[in-house]
file start-v6.csv (CSV, C-alpha atoms)
chain,number,residue,atom,x,y,z
S,220,MET,CA,28.5,48.5,78.7
S,221,VAL,CA,32.0,49.7,77.8
S,222,ASP,CA,32.2,53.0,75.8
S,223,LEU,CA,34.3,52.6,72.7
S,224,PRO,CA,36.8,55.4,72.0
S,225,GLU,CA,36.7,57.7,69.1
S,226,VAL,CA,39.9,57.5,67.0
S,227,SER,CA,41.1,60.0,64.5
S,228,PRO,CA,41.4,58.7,60.9
S,229,ASP,CA,45.1,59.4,60.9
S,230,ARG,CA,45.7,57.3,64.0
S,231,LEU,CA,43.3,54.6,62.7
S,232,ASN,CA,45.5,54.3,59.6
S,233,ARG,CA,48.9,54.8,61.1
S,234,TYR,CA,48.6,52.8,64.3
S,235,HIS,CA,45.6,50.5,64.0
S,236,GLY,CA,45.9,49.9,60.2
S,237,GLN,CA,49.4,48.5,60.0
S,238,VAL,CA,50.3,45.2,58.4
S,239,ARG,CA,52.6,43.3,60.8
S,240,SER,CA,54.7,41.7,58.2
S,241,ASP,CA,57.2,40.6,60.8
S,242,ALA,CA,54.5,38.5,62.6
S,243,LEU,CA,53.2,37.1,59.3
S,244,LEU,CA,56.6,35.4,58.8
S,245,SER,CA,55.9,33.4,62.0
S,246,ILE,CA,52.6,31.9,60.8
S,247,PRO,CA,53.2,28.3,59.7
S,248,THR,CA,52.4,27.9,56.0
S,249,SER,CA,50.4,24.8,57.0
S,250,ALA,CA,48.1,26.7,59.3
S,251,ALA,CA,45.4,27.9,57.0
S,252,GLY,CA,42.0,27.5,58.6
S,253,THR,CA,40.6,30.3,60.8
S,254,LEU,CA,42.7,33.2,62.1
S,255,LEU,CA,41.8,35.6,65.0
S,256,ASP,CA,43.8,38.8,65.4
S,257,VAL,CA,43.3,39.9,69.0
S,258,GLY,CA,43.7,43.7,69.2
S,259,GLY,CA,44.1,43.7,65.4
S,260,GLY,CA,42.8,47.2,64.7
S,261,THR,CA,41.2,47.5,61.3
S,262,GLY,CA,42.2,44.0,60.3
S,263,ALA,CA,45.1,44.9,57.9
S,264,THR,CA,47.3,42.0,59.2
S,265,ALA,CA,44.4,39.5,59.2
S,266,VAL,CA,43.5,40.4,55.6
S,267,ALA,CA,47.2,40.2,54.6
S,268,ALA,CA,47.3,36.7,56.1
S,269,LYS,CA,44.4,35.6,53.9
S,270,GLN,CA,45.9,37.2,50.9
S,271,GLN,CA,49.1,35.2,51.5
S,272,GLY,CA,47.3,32.0,51.9
S,273,LEU,CA,48.0,31.8,55.7
S,274,ALA,CA,44.3,31.7,56.6
S,275,GLU,CA,41.0,30.8,54.9
S,276,ARG,CA,38.9,32.9,57.3
S,277,ALA,CA,40.2,35.8,59.3
S,278,GLY,CA,38.8,38.3,61.7
S,279,VAL,CA,39.5,40.7,64.6
S,280,VAL,CA,38.6,41.6,68.1
S,281,ASP,CA,39.6,45.1,69.0
S,282,LEU,CA,38.5,48.0,71.3
S,283,ILE,CA,38.5,50.3,68.2
S,284,PRO,CA,35.1,50.3,66.4
S,285,PHE,CA,35.5,49.6,62.7
S,286,ASP,CA,33.2,48.9,59.8
S,287,PRO,CA,34.6,45.9,58.0
S,288,THR,CA,32.3,46.3,55.0
S,289,GLY,CA,34.3,46.3,51.8
S,290,THR,CA,37.3,44.6,53.3
S,291,ASP,CA,38.3,41.0,53.1
S,292,LEU,CA,37.6,40.4,56.8
S,293,ASP,CA,35.2,37.6,57.7
S,294,PHE,CA,34.3,38.8,61.2
S,295,HIS,CA,34.9,41.8,63.5
S,296,PHE,CA,33.9,42.2,67.1
S,297,ALA,CA,34.4,45.5,68.9
S,298,GLY,CA,34.9,45.8,72.6
S,299,ASP,CA,37.4,46.0,75.5
S,300,LEU,CA,39.3,42.7,75.7
S,301,GLU,CA,39.0,42.5,79.5
S,302,ARG,CA,35.9,44.5,80.3
S,303,SER,CA,33.4,43.4,77.7
S,304,ASP,CA,32.2,40.2,76.1
S,305,ALA,CA,33.6,40.9,72.7
S,306,LEU,CA,36.2,38.1,72.9
S,307,ASP,CA,33.7,35.7,74.3
S,308,ARG,CA,31.3,36.5,71.4
S,309,ALA,CA,34.1,36.0,68.8
S,310,ILE,CA,35.1,32.6,70.4
S,311,ALA,CA,31.5,31.4,70.5
S,312,ALA,CA,30.9,32.4,66.9
S,313,GLU,CA,34.2,31.4,65.3
S,314,ALA,CA,36.3,29.1,67.5
S,315,PRO,CA,38.2,26.9,67.5
S,316,PHE,CA,41.0,28.8,65.8
S,317,ASP,CA,44.0,27.5,63.9
S,318,THR,CA,46.0,30.7,64.5
S,319,ILE,CA,45.6,33.5,67.0
S,320,LEU,CA,47.7,36.7,66.8
S,321,ALA,CA,48.3,38.9,69.9
S,322,LEU,CA,50.6,41.5,68.5
S,323,ASP,CA,51.7,44.2,71.0
S,324,VAL,CA,48.5,43.9,72.9
S,325,LEU,CA,49.2,41.7,76.0
S,326,GLU,CA,51.3,44.4,77.7
S,327,HIS,CA,48.3,46.6,77.7
S,328,LEU,CA,46.2,44.2,79.8
S,329,VAL,CA,45.7,44.0,83.5
S,330,ASP,CA,46.0,40.2,83.5
S,331,PRO,CA,47.8,39.1,80.3
S,332,TRP,CA,48.3,35.6,81.9
S,333,ALA,CA,44.6,35.1,82.1
S,334,MET,CA,44.3,36.3,78.5
S,335,VAL,CA,46.8,33.7,77.3
S,336,LYS,CA,44.8,31.0,79.0
S,337,ARG,CA,41.6,32.2,77.4
S,338,LEU,CA,43.2,32.2,74.0
S,339,ASP,CA,44.7,28.7,74.6
S,340,ALA,CA,41.2,27.4,75.2
S,341,ALA,CA,40.1,28.8,71.9
S,342,LEU,CA,42.8,27.1,69.9
S,343,LYS,CA,42.4,23.9,68.0
S,344,PRO,CA,44.7,21.1,69.1
S,345,GLY,CA,47.9,21.8,67.1
S,346,GLY,CA,46.9,25.4,66.7
S,347,VAL,CA,49.4,28.3,67.3
S,348,LEU,CA,49.4,31.5,69.3
S,349,ILE,CA,51.8,34.2,68.1
S,350,GLY,CA,52.6,37.1,70.4
S,351,SER,CA,54.6,40.2,69.8
S,352,ILE,CA,56.0,41.6,73.1
S,353,PRO,CA,58.2,44.6,73.6
S,354,ASN,CA,61.5,44.2,75.4
S,355,ILE,CA,61.8,46.6,78.3
S,356,ARG,CA,65.5,45.8,78.7
S,357,HIS,CA,66.2,47.7,75.4
S,358,PHE,CA,69.0,50.2,75.9
S,359,SER,CA,66.8,53.1,75.1
S,360,VAL,CA,64.9,52.4,78.3
S,361,SER,CA,67.4,50.7,80.6
S,362,LEU,CA,70.4,53.1,80.1
S,363,PRO,CA,68.4,56.3,80.9
S,364,LEU,CA,66.9,54.5,83.9
S,365,LEU,CA,70.3,53.1,85.2
S,366,PHE,CA,72.4,56.2,84.6
S,367,ALA,CA,70.0,59.1,84.9
S,368,GLY,CA,67.1,57.7,86.9
S,369,ARG,CA,64.7,58.6,84.0
S,370,TRP,CA,61.5,56.6,83.2
S,371,GLN,CA,59.7,59.0,80.8
S,372,LEU,CA,56.3,57.7,79.6
S,373,GLN,CA,55.5,58.4,76.0
S,374,ASP,CA,52.5,58.3,73.6
S,375,ASP,CA,53.8,55.1,71.9
S,376,GLY,CA,56.9,52.9,71.8
S,377,LEU,CA,58.5,50.9,74.6
S,378,LEU,CA,57.3,53.3,77.3
S,379,ASP,CA,53.8,53.8,75.9
S,380,ARG,CA,51.8,55.2,78.8
S,381,THR,CA,49.1,52.7,78.2
S,382,HIS,CA,51.4,49.7,78.9
S,383,LEU,CA,50.4,48.0,82.2
S,384,ARG,CA,52.9,45.2,82.1
S,385,PHE,CA,56.6,45.0,81.1
S,386,PHE,CA,58.6,42.0,79.9
S,387,VAL,CA,62.1,40.9,79.0
S,388,ARG,CA,62.8,37.8,76.9
S,389,GLU,CA,62.6,35.3,79.7
S,390,THR,CA,59.4,36.6,81.2
S,391,ALA,CA,57.8,37.1,77.7
S,392,ILE,CA,58.3,33.4,77.1
S,393,GLU,CA,56.9,32.5,80.6
S,394,LEU,CA,53.8,34.5,79.7
S,395,MET,CA,53.3,32.8,76.4
S,396,THR,CA,53.7,29.3,77.9
S,397,CYS,CA,51.8,29.9,81.2
S,398,SER,CA,48.8,27.7,80.1
S,399,GLY,CA,50.9,24.8,78.8
S,400,LEU,CA,51.5,26.0,75.3
S,401,VAL,CA,54.8,24.9,73.8
S,402,VAL,CA,57.4,27.3,72.5
S,403,GLU,CA,58.3,26.7,68.8
S,404,HIS,CA,60.0,29.9,67.8
S,405,VAL,CA,61.4,33.1,69.3
S,406,ASP,CA,62.4,35.8,66.9
S,407,ALA,CA,64.1,38.9,68.2
S,408,ARG,CA,63.3,42.0,66.2
S,409,VAL,CA,65.9,44.7,66.2
S,410,GLY,CA,65.1,48.4,66.1
S,411,GLY,CA,67.5,51.2,65.4
S,412,SER,CA,70.2,52.1,62.9
S,413,ARG,CA,72.9,50.3,61.1
S,414,PRO,CA,75.5,51.1,63.8
S,415,ILE,CA,73.4,49.2,66.3
S,416,ARG,CA,73.3,46.1,64.0
S,417,ILE,CA,77.1,46.3,63.6
S,418,ALA,CA,77.6,46.6,67.3
S,419,ARG,CA,75.5,43.5,67.8
S,420,ARG,CA,77.7,41.5,65.4
S,421,LEU,CA,80.9,42.7,67.0
S,422,SER,CA,79.7,42.0,70.5
S,423,LEU,CA,79.3,38.3,69.7
S,424,GLY,CA,75.8,38.3,71.3
S,425,LEU,CA,76.7,40.2,74.4
S,426,LEU,CA,74.5,43.2,73.3
S,427,ASP,CA,71.6,41.2,72.0
S,428,ARG,CA,69.3,41.5,75.0
S,429,LEU,CA,70.0,45.3,75.1
S,430,THR,CA,69.2,45.8,71.5
S,431,ASP,CA,66.3,43.4,70.9
S,432,PHE,CA,63.3,45.8,70.5
S,433,ARG,CA,60.6,43.1,70.6
S,434,TYR,CA,60.1,39.4,70.5
S,435,ILE,CA,57.8,37.5,68.2
S,436,ILE,CA,57.0,34.3,70.0
S,437,ARG,CA,55.2,31.3,68.5
S,438,VAL,CA,53.7,28.7,70.8
S,439,ARG,CA,51.7,25.7,69.8
S,440,LYS,CA,48.9,23.8,71.6
S,441,PRO,CA,49.8,20.1,71.9
S,442,ALA,CA,47.8,17.9,69.5
call {"tool": "encode", "arguments": {"input": "start-v6.csv", "output": "structure tokens"}}
result
Amino acid sequence: MVDLPEVSPDRLNRYHGQVRSDALLSIPTSAAGTLLDVGGGTGATAVAAKQQGLAERAGVVDLIPFDPTGTDLDFHFAGDLERSDALDRAIAAEAPFDTILALDVLEHLVDPWAMVKRLDAALKPGGVLIGSIPNIRHFSVSLPLLFAGRWQLQDDGLLDRTHLRFFVRETAIELMTCSGLVVEHVDARVGGSRPIRIARRLSLGLLDRLTDFRYIIRVRKPA
């Protein structure tokens, strides 16, 4: 039995209750059907997908315990993704899925490659898996490491101390396709200020990999 952590209401709302609008843009409008948000916190993104007509049923598997009563979630399973049967129970009860979201969760796992294969098996033919994966090559990490030898873990962000795996664009794509899923779309999300965006444009793409904050990657299961 895996003990579930206690989470303060502030962190529950700030970190686990965010709507990932950037990821919603990658859900095909033709998807509908059933959506699973793996590591989806309180289900805010899953509910938003339903409200926008991107899913007919939507639910979450997450380590954080949460009472979905009064929300528009259709199902919620609580448990560690790798050390409990929470994901297996969700798959047994609700699969196959038209859409699976894995947003900033794979880098927290011991074996994210095995997870992608499990999620692939739970998809319908033609279904999509959408992952959000931080870019460890971002200048805020790579420059301090290169010039000052600093690798300072933090409470959140690119150097979140709970990250177990680290990816750049190429290895993030390799992860998302390790089970035979086919890449449809890679969207680089840029963090930072207006000067950074100007520098990207002036560099004619040379600074893109250093200023990409995360990648939203959509892969599809062959029909």
call {"tool": "atom_distance", "arguments": {"input": "start-v6.csv", "atom1": "atom CA of S:Thr264", "atom2": "atom CA of S:Gly289"}}
result
15.6 Å
call {"tool": "residues_around", "arguments": {"input": "start-v6.csv", "residues": "S:Ala297", "least_positions_apart": "5", "cutoff": "10 Å", "atoms": "only C-alpha atoms", "output": "list in words"}}
result
Leu223, Gly258, Gly260, Val279, Val280, Asp281, Leu282, Ile283, Pro284, Phe285, Asp286, Ser303, Asp304, Ala305, Leu306, Arg308 and Ala309 of chain S
call {"tool": "closest_residue", "arguments": {"input": "start-v6.csv", "among": "S:Leu400, S:Leu383, S:Ile392, S:Val324", "to": "S:Lys343", "atoms": "all atoms listed in the file"}}
result
S:Leu400
call {"tool": "residues_around", "arguments": {"input": "start-v6.csv", "residues": "S:Asp339", "least_positions_apart": "3", "cutoff": "8 Å", "atoms": "only C-alpha atoms", "output": "PDB file with C-alpha atoms, keeping the file's coordinate frame"}}
result
ATOM      1  CA  VAL S 335      46.800  33.700  77.300  1.00  0.00           C
ATOM      2  CA  LYS S 336      44.800  31.000  79.000  1.00  0.00           C
ATOM      3  CA  LEU S 342      42.800  27.100  69.900  1.00  0.00           C
ATOM      4  CA  LEU S 348      49.400  31.500  69.300  1.00  0.00           C
ATOM      5  CA  SER S 398      48.800  27.700  80.100  1.00  0.00           C
ATOM      6  CA  LEU S 400      51.500  26.000  75.300  1.00  0.00           C
ATOM      7  CA  LYS S 440      48.900  23.800  71.600  1.00  0.00           C
TER       8      LYS S 440
END
call {"tool": "atom_distance", "arguments": {"input": "start-v6.csv", "atom1": "atom CA of S:Val401", "atom2": "atom CA of S:Arg428"}}
result
22.1 Å
call {"tool": "atom_distance", "arguments": {"input": "start-v6.csv", "atom1": "atom CA of S:Pro331", "atom2": "atom CA of S:Asp291"}}
result
28.9 Å
call {"tool": "residues_around", "arguments": {"input": "start-v6.csv", "residues": "stretch 356-371 of chain S", "least_positions_apart": "6", "cutoff": "7 Å", "atoms": "all atoms listed in the file", "output": "list in words"}}
result
Val387, Arg428, Leu429, Thr430, Asp431 and Phe432 of chain S
call {"tool": "closest_residue", "arguments": {"input": "start-v6.csv", "among": "S:Ile349, S:Val402, S:Met334, S:Ile436", "to": "S:Leu255", "atoms": "all atoms listed in the file"}}
result
S:Ile349
call {"tool": "closest_residue", "arguments": {"input": "start-v6.csv", "among": "S:Leu320, S:Ala391, S:Ile415, S:Val238", "to": "S:Ala263", "atoms": "only C-alpha atoms"}}
result
S:Val238
call {"tool": "residues_around", "arguments": {"input": "start-v6.csv", "residues": "S:Thr318", "least_positions_apart": "2", "cutoff": "12 Å", "atoms": "all atoms listed in the file", "output": "PDB file with C-alpha atoms, in the frame of the given file"}}
result
ATOM      1  CA  ALA S 242      54.500  38.500  62.600  1.00  0.00           C
ATOM      2  CA  LEU S 243      53.200  37.100  59.300  1.00  0.00           C
ATOM      3  CA  SER S 245      55.900  33.400  62.000  1.00  0.00           C
ATOM      4  CA  ILE S 246      52.600  31.900  60.800  1.00  0.00           C
ATOM      5  CA  PRO S 247      53.200  28.300  59.700  1.00  0.00           C
ATOM      6  CA  THR S 248      52.400  27.900  56.000  1.00  0.00           C
ATOM      7  CA  SER S 249      50.400  24.800  57.000  1.00  0.00           C
ATOM      8  CA  ALA S 250      48.100  26.700  59.300  1.00  0.00           C
ATOM      9  CA  ALA S 251      45.400  27.900  57.000  1.00  0.00           C
ATOM     10  CA  GLY S 252      42.000  27.500  58.600  1.00  0.00           C
ATOM     11  CA  THR S 253      40.600  30.300  60.800  1.00  0.00           C
ATOM     12  CA  LEU S 254      42.700  33.200  62.100  1.00  0.00           C
ATOM     13  CA  LEU S 255      41.800  35.600  65.000  1.00  0.00           C
ATOM     14  CA  ASP S 256      43.800  38.800  65.400  1.00  0.00           C
ATOM     15  CA  VAL S 257      43.300  39.900  69.000  1.00  0.00           C
ATOM     16  CA  ALA S 265      44.400  39.500  59.200  1.00  0.00           C
ATOM     17  CA  ALA S 268      47.300  36.700  56.100  1.00  0.00           C
ATOM     18  CA  LYS S 269      44.400  35.600  53.900  1.00  0.00           C
ATOM     19  CA  LEU S 273      48.000  31.800  55.700  1.00  0.00           C
ATOM     20  CA  ALA S 274      44.300  31.700  56.600  1.00  0.00           C
ATOM     21  CA  GLU S 275      41.000  30.800  54.900  1.00  0.00           C
ATOM     22  CA  ARG S 276      38.900  32.900  57.300  1.00  0.00           C
ATOM     23  CA  ALA S 277      40.200  35.800  59.300  1.00  0.00           C
ATOM     24  CA  GLY S 278      38.800  38.300  61.700  1.00  0.00           C
ATOM     25  CA  VAL S 279      39.500  40.700  64.600  1.00  0.00           C
ATOM     26  CA  GLU S 313      34.200  31.400  65.300  1.00  0.00           C
ATOM     27  CA  ALA S 314      36.300  29.100  67.500  1.00  0.00           C
ATOM     28  CA  PRO S 315      38.200  26.900  67.500  1.00  0.00           C
ATOM     29  CA  PHE S 316      41.000  28.800  65.800  1.00  0.00           C
ATOM     30  CA  LEU S 320      47.700  36.700  66.800  1.00  0.00           C
ATOM     31  CA  ALA S 321      48.300  38.900  69.900  1.00  0.00           C
ATOM     32  CA  LEU S 338      43.200  32.200  74.000  1.00  0.00           C
ATOM     33  CA  ASP S 339      44.700  28.700  74.600  1.00  0.00           C
ATOM     34  CA  ALA S 341      40.100  28.800  71.900  1.00  0.00           C
ATOM     35  CA  LEU S 342      42.800  27.100  69.900  1.00  0.00           C
ATOM     36  CA  LYS S 343      42.400  23.900  68.000  1.00  0.00           C
ATOM     37  CA  PRO S 344      44.700  21.100  69.100  1.00  0.00           C
ATOM     38  CA  GLY S 345      47.900  21.800  67.100  1.00  0.00           C
ATOM     39  CA  GLY S 346      46.900  25.400  66.700  1.00  0.00           C
ATOM     40  CA  VAL S 347      49.400  28.300  67.300  1.00  0.00           C
ATOM     41  CA  LEU S 348      49.400  31.500  69.300  1.00  0.00           C
ATOM     42  CA  ILE S 349      51.800  34.200  68.100  1.00  0.00           C
ATOM     43  CA  GLY S 350      52.600  37.100  70.400  1.00  0.00           C
ATOM     44  CA  ARG S 437      55.200  31.300  68.500  1.00  0.00           C
ATOM     45  CA  VAL S 438      53.700  28.700  70.800  1.00  0.00           C
ATOM     46  CA  ARG S 439      51.700  25.700  69.800  1.00  0.00           C
ATOM     47  CA  LYS S 440      48.900  23.800  71.600  1.00  0.00           C
TER      48      LYS S 440
END
call {"tool": "closest_residue", "arguments": {"input": "start-v6.csv", "among": "S:Thr261, S:Asp323, S:Trp332, S:Ala442", "to": "S:Glu393", "atoms": "only C-alpha atoms"}}
result
S:Trp332
call {"tool": "closest_residue", "arguments": {"input": "start-v6.csv", "among": "S:Ile355, S:Cys397, S:Ala340, S:Leu325", "to": "S:Glu301", "atoms": "all atoms listed in the file"}}
result
S:Leu325
call {"tool": "residues_around", "arguments": {"input": "start-v6.csv", "residues": "S:Asp379", "least_positions_apart": "5", "cutoff": "10 Å", "atoms": "all atoms listed in the file", "output": "ChimeraX atom specification"}}
result
/S:326-327,371-374
call {"tool": "closest_residue", "arguments": {"input": "start-v6.csv", "among": "S:Gly259, S:Gly272, S:Ser422, S:Asn354", "to": "S:Arg388", "atoms": "only C-alpha atoms"}}
result
S:Asn354
